[in-house]
Structures are given as C-alpha cells and as structure tokens.
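File shown: coords01.txt. Contents: compact mmCIF, C-alpha atoms.
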# COMPACT_ATOMS: atom_id res chain seq x y z
CA MET Q 197 0.00 0.00 0.00
CA PRO Q 198 1.47 3.39 -0.96
CA HIS Q 199 2.30 5.86 1.78
CA ARG Q 200 -0.06 8.85 2.04
CA SER Q 201 0.90 12.18 3.50
CA ALA Q 202 -0.57 15.63 4.01
CA TYR Q 203 -0.10 18.35 1.41
CA VAL Q 204 -1.18 21.93 2.15
CA CYS Q 205 -2.21 25.06 0.30
CA LEU Q 206 -1.14 27.98 2.46
CA ASP Q 207 -3.18 30.50 0.45
CA CYS Q 208 -6.48 28.63 0.84
CA ARG Q 209 -5.57 27.23 4.28
CA VAL Q 210 -6.53 23.65 3.43
CA SER Q 211 -4.80 20.27 3.51
CA PHE Q 212 -5.22 17.09 1.49
CA LYS Q 213 -3.89 13.54 1.75
CA HIS Q 214 -2.05 12.27 -1.32
CA THR Q 215 0.39 9.51 -2.09
CA VAL Q 216 3.91 10.69 -1.32
CA ASP Q 217 5.91 11.41 -4.45
CA HIS Q 218 9.54 12.20 -3.68
CA SER Q 219 10.40 12.51 -7.36
CA GLY Q 220 8.25 15.63 -7.75
CA GLN Q 221 6.54 14.12 -10.80
CA HIS Q 222 2.93 14.43 -9.62
CA GLY Q 223 2.88 18.15 -8.90
CA TYR Q 224 -0.27 18.08 -6.80
CA ARG Q 225 -2.30 21.28 -7.08
CA CYS Q 226 -4.94 22.88 -4.90
CA PRO Q 227 -8.40 22.24 -6.33
CA ARG Q 228 -9.46 25.75 -5.26
CA CYS Q 229 -6.68 28.03 -6.51
CA ARG Q 230 -4.62 25.62 -8.69
CA ARG Q 231 -1.34 26.57 -6.94
CA ALA Q 232 1.17 23.84 -6.11
CA LEU Q 233 0.58 22.02 -2.82
CA ILE Q 234 3.42 21.79 -0.28
CA LEU Q 235 4.31 18.44 1.33
CA ALA Q 236 3.69 18.79 5.08
CA GLY Q 237 4.22 15.18 6.19
CA GLY Q 238 2.33 12.26 7.66
CA ALA Q 239 2.23 13.65 11.23
CA PHE Q 240 0.68 16.97 10.13
CA GLU Q 241 -2.61 18.10 11.63
CA ALA Q 242 -4.09 21.17 9.96
CA PRO Q 243 -5.15 24.04 12.19
CA PRO Q 244 -8.67 25.41 11.78
CA ARG Q 245 -8.99 27.53 8.63
CA ARG Q 246 -10.06 30.58 10.66
CA ASP Q 247 -6.87 30.45 12.82
CA ARG Q 248 -4.75 32.81 10.71
CA ASP Q 249 -1.89 32.98 13.20
CA ALA Q 250 -1.49 29.18 13.22
CA TRP Q 251 -1.36 29.18 9.41
CA ARG Q 252 1.25 31.97 9.49
CA VAL Q 253 3.37 29.86 11.86
CA LEU Q 254 2.93 26.89 9.54
CA SER Q 255 3.98 29.01 6.55
CA VAL Q 256 7.22 30.04 8.30
CA LEU Q 257 7.99 26.43 9.23
CA LEU Q 258 7.37 25.01 5.76
CA HIS Q 259 9.28 27.80 4.00
CA ALA Q 260 12.22 27.19 6.38
CA GLY Q 261 12.31 23.59 5.16
CA LEU Q 262 10.70 21.94 8.19
CA ASP Q 263 7.88 19.46 7.83
CA PHE Q 264 5.87 17.07 9.95
CA ARG Q 265 7.18 13.66 8.89
CA GLN Q 266 7.33 10.82 11.36
CA ALA Q 267 10.78 10.04 12.75
CA CYS Q 268 12.11 6.56 12.06
CA CYS Q 269 11.11 5.42 15.57
CA GLY Q 270 7.54 6.66 15.12
CA CYS Q 271 7.93 9.36 17.75
CA GLY Q 272 6.79 12.25 15.56
CA PRO Q 273 8.53 15.13 13.84
CA GLY Q 274 9.98 16.69 17.00
CA TYR Q 275 9.50 20.17 18.38
CA ARG Q 276 7.71 22.79 16.27
CA PRO Q 277 6.72 26.27 17.56
CA ARG Q 278 2.98 26.82 17.84
CA SER Q 279 2.69 30.59 18.24
CA LEU Q 280 3.95 33.64 16.38
CA ARG Q 281 5.72 34.71 19.57
CA GLU Q 282 7.71 31.45 19.66
CA VAL Q 283 8.57 31.85 15.96
CA ARG Q 284 9.81 35.42 16.52
CA GLU Q 285 11.91 34.27 19.50
CA ARG Q 286 13.46 31.40 17.51
CA LEU Q 287 14.22 33.61 14.49
CA ALA Q 288 15.79 36.28 16.73
CA TYR Q 289 17.93 33.54 18.28
CA ALA Q 290 18.97 32.39 14.79
CA ARG Q 291 20.04 35.92 13.80
CA ARG Q 292 21.87 36.47 17.09
CA THR Q 293 23.81 33.18 17.01
CA GLY Q 294 24.21 32.63 13.28
CA THR Q 295 22.21 29.39 13.50
CA SER Q 296 20.09 28.45 10.50
CA ALA Q 297 16.41 29.36 10.74
CA ALA Q 298 15.37 25.72 10.32
CA ARG Q 299 17.61 24.56 13.16
CA ALA Q 300 16.49 27.37 15.47
CA LEU Q 301 12.80 26.70 14.72
CA ALA Q 302 13.21 22.98 15.50
CA THR Q 303 14.97 23.59 18.84
CA PRO Q 304 12.78 23.66 21.97

Would you give me this structure, written as structure tokens?
Amino acid sequence: MPHRSAYVCLDCRVSFKHTVDHSGQHGYRCPRCRRALILAGGAFEAPPRRDRDAWRVLSVLLHAGLDFRQACCGCGPGYRPRSLREVRERLAYARRTGTSAARALATP
C-alpha cells in the first residue's frame, strides 16, 4: 500500500492527503486556486482555517524547510513552535547566534 501524506495550500488554508511522491513528478495542485501544494508530512494536523496565526506559523515552518514527517522510531517530527511569539523568538535567536532558521525553529 502506498504511503499517504498531508499536502497543504497555504493561500487557501486547506490540507489534502495524497500519495507521497519524492520525485516531484505528480505536482499536486490545490483544487481551489490551482497553486502547487506543499508536502507537510504524515504527522501533520491542519489548524482550523479561521486560525490565521497558526497558518502563518505553519507558513514560516514550511518555508524554512521543516515538515511534519514521522521520525524513524515513530515518535513524531519533533519540536515545532505553535505561536507567532515562539517563531519570533526562535528567528531572533537564529540571527543572534548565526544558527540556520530551520535549526532554530526545531529547537525547543
């Protein structure tokens, strides 16, 4: 059975389950706006569409290269900030220390 994972459209604030395609051949698109969907991972749970701040946090995480894939031991994707305040703190830390944004965002 093929592995299915969540793909999101940040503009429409929706997620869909599709078969994972690491080759990039499928090019899944949002049925609403026709923009390319972003792979979020199997452990992703979409926030409510009306929660704009949660979707902004998600946008920062995905654009930094983080996703919500299961770890090999099945323990989840690890720490991810949940609020804009946490994101701002992590990004300030990254600028201050020279750490990459992705690493700072994934550090509790």

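With only C-alpha atoms as the atoms that count, the minimum distance from Q:Thr215 to the choices Q:Gly261, Q:Pro277, Q:Gly238, Q:Pro243 is reached by Q:Gly238.
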
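Look at Q:Pro244: the protein and nucleic acid residues within 9 Å of it, using all atoms listed in the file and passing over chain neighbours fewer than 4 places away, are Arg209, Val210, Arg248, Ala250 and Trp251 of chain Q.
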
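You will find atom CA of Q:Ser201 at 7.3 Å from atom CA of Q:Ala236.
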
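Taking only C-alpha atoms, the non-local environment of Q:Pro227 within 10 Å (same-chain residues fewer than 6 positions away omitted) comprises Cys205, Cys208, Phe212 and Leu233 of chain Q.
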
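In this structure, atom CA of Q:Val253 sits 6.7 Å away from atom CA of Q:Arg278.
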
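For Q:Arg276, the list of residues within 9 Å, based on all atoms listed in the file and with local chain neighbours fewer than 5 positions off taken out, reads Leu257, Leu262, Phe264, Leu301, Ala302, Thr303 and Pro304 of chain Q.
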
Write the selection just made, keeping C-alpha atoms, as a PDB file, in the coordinates of the input?
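Just written: out_17.pdb:
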ATOM      1  CA  LEU Q 257       7.990  26.430   9.230  1.00  0.00           C
ATOM      2  CA  LEU Q 262      10.700  21.940   8.190  1.00  0.00           C
ATOM      3  CA  PHE Q 264       5.870  17.070   9.950  1.00  0.00           C
ATOM      4  CA  LEU Q 301      12.800  26.700  14.720  1.00  0.00           C
ATOM      5  CA  ALA Q 302      13.210  22.980  15.500  1.00  0.00           C
ATOM      6  CA  THR Q 303      14.970  23.590  18.840  1.00  0.00           C
ATOM      7  CA  PRO Q 304      12.780  23.660  21.970  1.00  0.00           C
TER       8      PRO Q 304
END

* Asked: Between Q:Val256, Q:Arg230, Q:Asp263, Q:Arg281, which one has atoms that come closest to Q:Ala297, using only C-alpha atoms?
  -> Q:Val256

* Structure fact -> Across Q:Gln266, Q:Val283, Q:Tyr224, Q:Ala260, the smallest distance to Q:Ser296, with all atoms listed in the file counted, is shown by Q:Ala260
